[in-house]
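Asks: To be precise about what I am sending: the file is called input-v5.pdb and holds PDB, C-alpha atoms, pLDDT in the B column.
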```pdb
ATOM      1  CA  MET A  20     102.875 123.288 146.508  1.00 42.00           C
ATOM      2  CA  SER A  21     102.497 119.535 146.656  1.00 43.00           C
ATOM      3  CA  ARG A  22     102.872 117.387 143.582  1.00 43.00           C
ATOM      4  CA  ARG A  23     100.799 114.313 142.910  1.00 44.00           C
ATOM      5  CA  VAL A  24     102.680 111.384 141.449  1.00 46.00           C
ATOM      6  CA  ASP A  25     100.428 108.902 139.653  1.00 51.00           C
ATOM      7  CA  ASP A  26     103.005 106.144 139.294  1.00 50.00           C
ATOM      8  CA  PRO A  27     105.320 105.290 142.210  1.00 47.00           C
ATOM      9  CA  ARG A  28     107.988 104.322 139.665  1.00 48.00           C
ATOM     10  CA  GLN A  29     107.849 107.844 138.181  1.00 51.00           C
ATOM     11  CA  VAL A  30     110.853 109.879 139.263  1.00 48.00           C
ATOM     12  CA  ASP A  31     110.409 113.534 140.093  1.00 53.00           C
ATOM     13  CA  LEU A  32     113.567 115.126 138.704  1.00 48.00           C
ATOM     14  CA  PHE A  33     113.309 118.253 140.813  1.00 47.00           C
ATOM     15  CA  PHE A  34     112.283 116.914 144.200  1.00 46.00           C
ATOM     16  CA  ALA A  35     113.640 113.366 144.383  1.00 54.00           C
ATOM     17  CA  GLU A  36     116.470 112.675 146.776  1.00 58.00           C
ATOM     18  CA  PRO A  37     119.423 110.848 145.219  1.00 56.00           C
ATOM     19  CA  ARG A  38     119.353 107.193 146.145  1.00 63.00           C
ATOM     20  CA  GLU A  39     122.371 105.743 147.861  1.00 69.00           C
ATOM     21  CA  PRO A  40     123.049 102.076 147.127  1.00 67.00           C
ATOM     22  CA  GLY A  41     122.834  99.751 150.114  1.00 68.00           C
ATOM     23  CA  ARG A  42     126.233  99.011 151.649  1.00 73.00           C
ATOM     24  CA  LEU A  43     125.216  96.441 154.255  1.00 73.00           C
ATOM     25  CA  PRO A  44     126.068  92.780 153.707  1.00 76.00           C
ATOM     26  CA  GLY A  45     123.442  91.230 151.456  1.00 72.00           C
ATOM     27  CA  ALA A  46     122.062  94.598 150.277  1.00 73.00           C
ATOM     28  CA  ALA A  47     122.785  93.720 146.642  1.00 74.00           C
ATOM     29  CA  ASN A  48     121.051  90.348 146.870  1.00 76.00           C
ATOM     30  CA  ILE A  49     118.042  91.391 144.825  1.00 83.00           C
ATOM     31  CA  GLY A  50     117.029  87.997 143.462  1.00 86.00           C
ATOM     32  CA  ALA A  51     113.602  88.076 145.114  1.00 87.00           C
ATOM     33  CA  GLN A  52     112.991  91.616 143.842  1.00 90.00           C
ATOM     34  CA  ILE A  53     113.972  90.638 140.306  1.00 91.00           C
ATOM     35  CA  ARG A  54     111.688  87.593 140.499  1.00 92.00           C
ATOM     36  CA  GLY A  55     108.863  89.795 141.781  1.00 92.00           C
ATOM     37  CA  GLY A  56     109.519  92.389 139.076  1.00 94.00           C
ATOM     38  CA  LEU A  57     109.437  89.778 136.333  1.00 95.00           C
ATOM     39  CA  THR A  58     106.189  88.384 137.731  1.00 95.00           C
ATOM     40  CA  LYS A  59     104.621  91.843 137.910  1.00 96.00           C
ATOM     41  CA  ALA A  60     105.738  92.668 134.351  1.00 96.00           C
ATOM     42  CA  LEU A  61     104.208  89.446 133.055  1.00 96.00           C
ATOM     43  CA  LYS A  62     100.919  90.252 134.824  1.00 96.00           C
ATOM     44  CA  GLU A  63     100.862  93.826 133.484  1.00 96.00           C
ATOM     45  CA  THR A  64     101.486  92.964 129.840  1.00 96.00           C
ATOM     46  CA  ALA A  65      98.625  92.058 127.549  1.00 96.00           C
ATOM     47  CA  LYS A  66     100.787  89.295 126.069  1.00 97.00           C
ATOM     48  CA  SER A  67     100.709  85.708 127.256  1.00 96.00           C
ATOM     49  CA  ARG A  68     103.845  84.155 128.703  1.00 96.00           C
ATOM     50  CA  ALA A  69     104.216  82.124 125.505  1.00 96.00           C
ATOM     51  CA  GLU A  70     104.083  85.344 123.447  1.00 97.00           C
ATOM     52  CA  VAL A  71     106.668  87.003 125.703  1.00 97.00           C
ATOM     53  CA  ALA A  72     108.920  83.940 125.405  1.00 96.00           C
ATOM     54  CA  ALA A  73     108.567  83.960 121.619  1.00 95.00           C
ATOM     55  CA  GLY A  74     109.326  87.666 121.464  1.00 95.00           C
ATOM     56  CA  MET A  75     112.408  87.212 123.625  1.00 95.00           C
ATOM     57  CA  THR A  76     113.574  84.276 121.490  1.00 95.00           C
ATOM     58  CA  ASP A  77     113.271  86.374 118.349  1.00 93.00           C
ATOM     59  CA  LEU A  78     115.137  89.317 119.899  1.00 94.00           C
ATOM     60  CA  LEU A  79     117.876  87.161 121.422  1.00 93.00           C
ATOM     61  CA  PHE A  80     118.476  84.478 118.839  1.00 91.00           C
ATOM     62  CA  GLY A  81     116.598  85.414 115.674  1.00 86.00           C
ATOM     63  CA  ASP A  82     116.603  82.577 113.182  1.00 76.00           C
ATOM     64  CA  VAL A  83     120.059  81.387 114.226  1.00 76.00           C
ATOM     65  CA  GLY A  84     120.526  78.109 116.056  1.00 69.00           C
ATOM     66  CA  ASP A  85     118.230  75.995 118.162  1.00 78.00           C
ATOM     67  CA  ASP A  86     118.172  78.292 121.190  1.00 89.00           C
ATOM     68  CA  GLU A  87     114.848  79.521 122.458  1.00 92.00           C
ATOM     69  CA  ILE A  88     113.190  80.988 125.523  1.00 94.00           C
ATOM     70  CA  THR A  89     110.192  78.931 126.592  1.00 94.00           C
ATOM     71  CA  LYS A  90     107.130  79.583 128.716  1.00 96.00           C
ATOM     72  CA  ALA A  91     108.508  76.961 131.112  1.00 95.00           C
ATOM     73  CA  GLN A  92     111.684  79.013 131.548  1.00 94.00           C
ATOM     74  CA  LEU A  93     109.650  82.153 132.282  1.00 95.00           C
ATOM     75  CA  ASP A  94     107.637  80.134 134.804  1.00 94.00           C
ATOM     76  CA  SER A  95     110.828  78.898 136.470  1.00 93.00           C
ATOM     77  CA  TRP A  96     112.366  82.378 136.626  1.00 93.00           C
ATOM     78  CA  THR A  97     109.256  83.746 138.337  1.00 92.00           C
ATOM     79  CA  ALA A  98     108.282  80.855 140.639  1.00 90.00           C
ATOM     80  CA  ALA A  99     109.338  81.360 144.267  1.00 85.00           C
ATOM     81  CA  SER A 100     109.584  77.565 144.612  1.00 86.00           C
ATOM     82  CA  LYS A 101     112.252  77.398 141.860  1.00 83.00           C
ATOM     83  CA  ASP A 102     115.058  78.860 143.952  1.00 78.00           C
ATOM     84  CA  GLY A 103     117.808  77.419 141.739  1.00 80.00           C
ATOM     85  CA  TRP A 104     116.602  79.246 138.651  1.00 85.00           C
ATOM     86  CA  ARG A 105     118.090  82.710 138.063  1.00 88.00           C
ATOM     87  CA  PHE A 106     117.045  85.129 135.357  1.00 91.00           C
ATOM     88  CA  PRO A 107     120.097  85.944 133.171  1.00 92.00           C
ATOM     89  CA  LEU A 108     120.855  89.659 133.101  1.00 91.00           C
ATOM     90  CA  GLU A 109     121.807  89.385 129.435  1.00 93.00           C
ATOM     91  CA  TYR A 110     118.133  88.584 128.713  1.00 95.00           C
ATOM     92  CA  LEU A 111     116.807  91.724 130.435  1.00 95.00           C
ATOM     93  CA  PRO A 112     116.719  93.981 127.338  1.00 95.00           C
ATOM     94  CA  ALA A 113     114.740  91.350 125.403  1.00 96.00           C
ATOM     95  CA  PHE A 114     112.361  90.821 128.336  1.00 97.00           C
ATOM     96  CA  ILE A 115     111.785  94.564 128.656  1.00 96.00           C
ATOM     97  CA  GLN A 116     111.141  94.930 124.931  1.00 96.00           C
ATOM     98  CA  ALA A 117     108.785  91.945 124.947  1.00 96.00           C
ATOM     99  CA  THR A 118     106.785  93.202 127.954  1.00 97.00           C
ATOM    100  CA  GLY A 119     107.249  96.972 127.844  1.00 94.00           C
ATOM    101  CA  ALA A 120     108.360  96.932 131.507  1.00 95.00           C
ATOM    102  CA  VAL A 121     111.079  99.588 131.224  1.00 93.00           C
ATOM    103  CA  TRP A 122     110.689 100.242 134.956  1.00 92.00           C
ATOM    104  CA  LEU A 123     112.669  97.026 135.580  1.00 94.00           C
ATOM    105  CA  LEU A 124     115.793  98.966 134.604  1.00 92.00           C
ATOM    106  CA  ASP A 125     115.099 101.432 137.399  1.00 89.00           C
ATOM    107  CA  LEU A 126     114.694  98.552 139.851  1.00 89.00           C
ATOM    108  CA  VAL A 127     118.220  97.375 139.026  1.00 89.00           C
ATOM    109  CA  ALA A 128     119.700 100.881 138.685  1.00 89.00           C
ATOM    110  CA  GLY A 129     118.337 101.895 142.092  1.00 87.00           C
ATOM    111  CA  HIS A 130     120.549  99.299 143.747  1.00 85.00           C
ATOM    112  CA  CYS A 131     123.533 101.019 142.141  1.00 85.00           C
ATOM    113  CA  GLY A 132     122.498 104.493 143.304  1.00 85.00           C
ATOM    114  CA  CYS A 133     121.219 105.472 139.848  1.00 85.00           C
ATOM    115  CA  THR A 134     117.949 106.454 138.243  1.00 85.00           C
ATOM    116  CA  VAL A 135     116.920 105.602 134.701  1.00 88.00           C
ATOM    117  CA  LEU A 136     115.561 108.440 132.606  1.00 88.00           C
ATOM    118  CA  GLN A 137     114.015 108.083 129.191  1.00 86.00           C
ATOM    119  CA  GLY A 138     112.419 110.254 126.572  1.00 89.00           C
ATOM    120  CA  LYS A 139     111.559 113.779 127.682  1.00 92.00           C
ATOM    121  CA  GLU A 140     112.983 113.216 131.178  1.00 89.00           C
ATOM    122  CA  ALA A 141     116.377 112.310 129.683  1.00 87.00           C
ATOM    123  CA  LEU A 142     116.328 115.360 127.409  1.00 92.00           C
ATOM    124  CA  LEU A 143     115.416 117.618 130.324  1.00 93.00           C
ATOM    125  CA  ALA A 144     118.268 116.202 132.407  1.00 89.00           C
ATOM    126  CA  GLU A 145     120.685 116.716 129.509  1.00 91.00           C
ATOM    127  CA  ILE A 146     119.551 120.328 129.094  1.00 94.00           C
ATOM    128  CA  GLY A 147     120.134 120.849 132.822  1.00 93.00           C
ATOM    129  CA  ALA A 148     123.631 119.354 132.594  1.00 91.00           C
ATOM    130  CA  VAL A 149     124.517 121.608 129.643  1.00 94.00           C
ATOM    131  CA  ALA A 150     123.128 124.674 131.438  1.00 95.00           C
ATOM    132  CA  LEU A 151     125.199 123.843 134.517  1.00 94.00           C
ATOM    133  CA  ALA A 152     128.345 123.384 132.393  1.00 94.00           C
ATOM    134  CA  GLU A 153     127.698 126.733 130.684  1.00 96.00           C
ATOM    135  CA  LYS A 154     127.316 128.436 134.072  1.00 95.00           C
ATOM    136  CA  ARG A 155     130.597 126.944 135.306  1.00 95.00           C
ATOM    137  CA  LEU A 156     132.441 127.958 132.117  1.00 95.00           C
ATOM    138  CA  LYS A 157     131.059 131.490 132.336  1.00 95.00           C
ATOM    139  CA  ALA A 158     132.244 131.761 135.960  1.00 95.00           C
ATOM    140  CA  ARG A 159     135.675 130.363 135.011  1.00 94.00           C
ATOM    141  CA  ARG A 160     135.990 132.849 132.123  1.00 89.00           C
ATOM    142  CA  ALA A 161     135.018 135.729 134.415  1.00 90.00           C
ATOM    143  CA  SER A 162     137.624 134.618 136.954  1.00 91.00           C
ATOM    144  CA  ILE A 163     140.343 134.499 134.297  1.00 87.00           C
ATOM    145  CA  GLU A 164     139.299 137.827 132.793  1.00 83.00           C
ATOM    146  CA  ARG A 165     139.574 139.498 136.224  1.00 87.00           C
ATOM    147  CA  ARG A 166     143.242 138.423 136.392  1.00 87.00           C
ATOM    148  CA  VAL A 167     144.150 139.725 132.919  1.00 83.00           C
ATOM    149  CA  PRO A 168     144.714 143.471 132.408  1.00 84.00           C
ATOM    150  CA  GLY A 169     142.069 145.009 130.117  1.00 80.00           C
ATOM    151  CA  ALA A 170     144.467 145.995 127.320  1.00 85.00           C
ATOM    152  CA  LEU A 171     146.017 142.518 127.210  1.00 87.00           C
ATOM    153  CA  LEU A 172     142.579 140.903 127.198  1.00 82.00           C
ATOM    154  CA  ASP A 173     141.499 143.077 124.251  1.00 85.00           C
ATOM    155  CA  GLN A 174     144.683 142.162 122.359  1.00 88.00           C
ATOM    156  CA  LEU A 175     144.207 138.428 123.037  1.00 86.00           C
ATOM    157  CA  MET A 176     140.575 138.563 121.898  1.00 86.00           C
ATOM    158  CA  ARG A 177     141.555 140.347 118.640  1.00 91.00           C
ATOM    159  CA  GLU A 178     144.241 137.719 117.948  1.00 90.00           C
ATOM    160  CA  LEU A 179     141.790 134.915 118.668  1.00 89.00           C
ATOM    161  CA  GLU A 180     139.192 136.406 116.315  1.00 91.00           C
ATOM    162  CA  ALA A 181     141.823 136.909 113.580  1.00 91.00           C
ATOM    163  CA  ARG A 182     142.884 133.246 113.819  1.00 89.00           C
ATOM    164  CA  HIS A 183     139.390 131.772 113.851  1.00 87.00           C
ATOM    165  CA  GLY A 184     137.562 134.281 111.692  1.00 70.00           C
TER     166      GLY A 184
END
```
So, in terms of structure tokens, how does the structure I just supplied come out?

Replies:
Amino acid sequence: MSRRVDDPRQVDLFFAEPREPGRLPGAANIGAQIRGGLTKALKETAKSRAEVAAGMTDLLFGDVGDDEITKAQLDSWTAASKDGWRFPLEYLPAFIQATGAVWLLDLVAGHCGCTVLQGKEALLAEIGAVALAEKRLKARRASIERRVPGALLDQLMRELEARHG
């Protein structure tokens, strides 16, 4: 049965192959991809660049100090001609909150061999991890119980129940 994926950034938890980070020289040089991602996020949001900058300023600096993110900075971080300008990673959470472009996290995580899950996907993955741990513990218990004579196992279980009620 084939599955249709509406969004190429959407990860299919059950059929996706784990991503291996690039190991070749220069594989982690993702500056152009970050620049492209920022540009795409700014195009996708309904907010203007000035509104995104103001939102980032509020999230990063609040009312403290004279620091601010400006539209000109956003323009420099996204312009291919401004090669010397680099987007600071410490600003990424504020940028994502200001634009709603959570998928930028997956862009970065993918270069580390990881996938970002949120909401229901994260809960589903956690349930799967717990189920797997339970299965392993059950198998370990069964292995131990096979090595313990029945009478001794019964005695140990009674003592355990007496201690812990």

Asks: Would you write out, as a list of chain:residue names, every residue that the PyMOL selection byres ((chain A and resi 108) around 12) captures in this file?

Replies: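 Evaluating the PyMOL selection byres ((chain A and resi 108) around 12) on these coordinates yields A:Gly50, A:Ile53, A:Arg54, A:Leu57, A:Trp96, A:Arg105, A:Phe106, A:Pro107, A:Glu109, A:Tyr110, A:Leu111, A:Pro112, A:Ala113, A:Phe114, A:Ile115, A:Leu123, A:Leu124, A:Val127.
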
Asks: Here's a test: counting all atoms listed in the file, identify every protein, DNA and RNA residue with an atom at most 12 Å from (111.9, 88.0, 146.6) in the file's coordinate frame, and state them as a PDB file with C-alpha atoms, in the coordinates of the input.

Replies:
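Output saved as selection.pdb:
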```pdb
ATOM      1  CA  ASN A  48     121.051  90.348 146.870  1.00 76.00           C
ATOM      2  CA  ILE A  49     118.042  91.391 144.825  1.00 83.00           C
ATOM      3  CA  GLY A  50     117.029  87.997 143.462  1.00 86.00           C
ATOM      4  CA  ALA A  51     113.602  88.076 145.114  1.00 87.00           C
ATOM      5  CA  GLN A  52     112.991  91.616 143.842  1.00 90.00           C
ATOM      6  CA  ILE A  53     113.972  90.638 140.306  1.00 91.00           C
ATOM      7  CA  ARG A  54     111.688  87.593 140.499  1.00 92.00           C
ATOM      8  CA  GLY A  55     108.863  89.795 141.781  1.00 92.00           C
ATOM      9  CA  GLY A  56     109.519  92.389 139.076  1.00 94.00           C
ATOM     10  CA  LEU A  57     109.437  89.778 136.333  1.00 95.00           C
ATOM     11  CA  THR A  58     106.189  88.384 137.731  1.00 95.00           C
ATOM     12  CA  LYS A  59     104.621  91.843 137.910  1.00 96.00           C
ATOM     13  CA  TRP A  96     112.366  82.378 136.626  1.00 93.00           C
ATOM     14  CA  THR A  97     109.256  83.746 138.337  1.00 92.00           C
ATOM     15  CA  ALA A  98     108.282  80.855 140.639  1.00 90.00           C
ATOM     16  CA  ALA A  99     109.338  81.360 144.267  1.00 85.00           C
ATOM     17  CA  SER A 100     109.584  77.565 144.612  1.00 86.00           C
ATOM     18  CA  LYS A 101     112.252  77.398 141.860  1.00 83.00           C
ATOM     19  CA  ASP A 102     115.058  78.860 143.952  1.00 78.00           C
ATOM     20  CA  ARG A 105     118.090  82.710 138.063  1.00 88.00           C
TER      21      ARG A 105
END
```

Asks: Have a look at CA of Glu164 in chain A and CA of Gly184 in chain A and let me know their distance in Å, one decimal.

Replies: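 That distance, rounded to one decimal, is 21.5 Å.
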
Asks: May I ask for the distance between CA of Ser67 in chain A and CA of Lys90 in chain A, given in Å to one decimal place?

Replies: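 Going from CA of Ser67 in chain A over to CA of Lys90 in chain A, I get 9.0 Å.
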
Asks: To one decimal place, how far is CA of Glu70 in chain A from CA of Thr89 in chain A in Å?

Replies: 9.4 Å

Asks: For Asp94 in chain A, which residue out of A:Lys139, A:Arg159, A:His183, A:Arg68 is the nearest one, using all atoms listed in the file?

Replies: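 Checking each of A:Lys139, A:Arg159, A:His183, A:Arg68 against Asp94 in chain A, counting all atoms listed in the file, the winner is A:Arg68.
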
Asks: Dump as number ranges by chain all residues having an atom at most 10 Å from (104.9, 96.7, 128.7), computed in the file's coordinates with only C-alpha atoms.

Replies: A: 60-66, 114-122
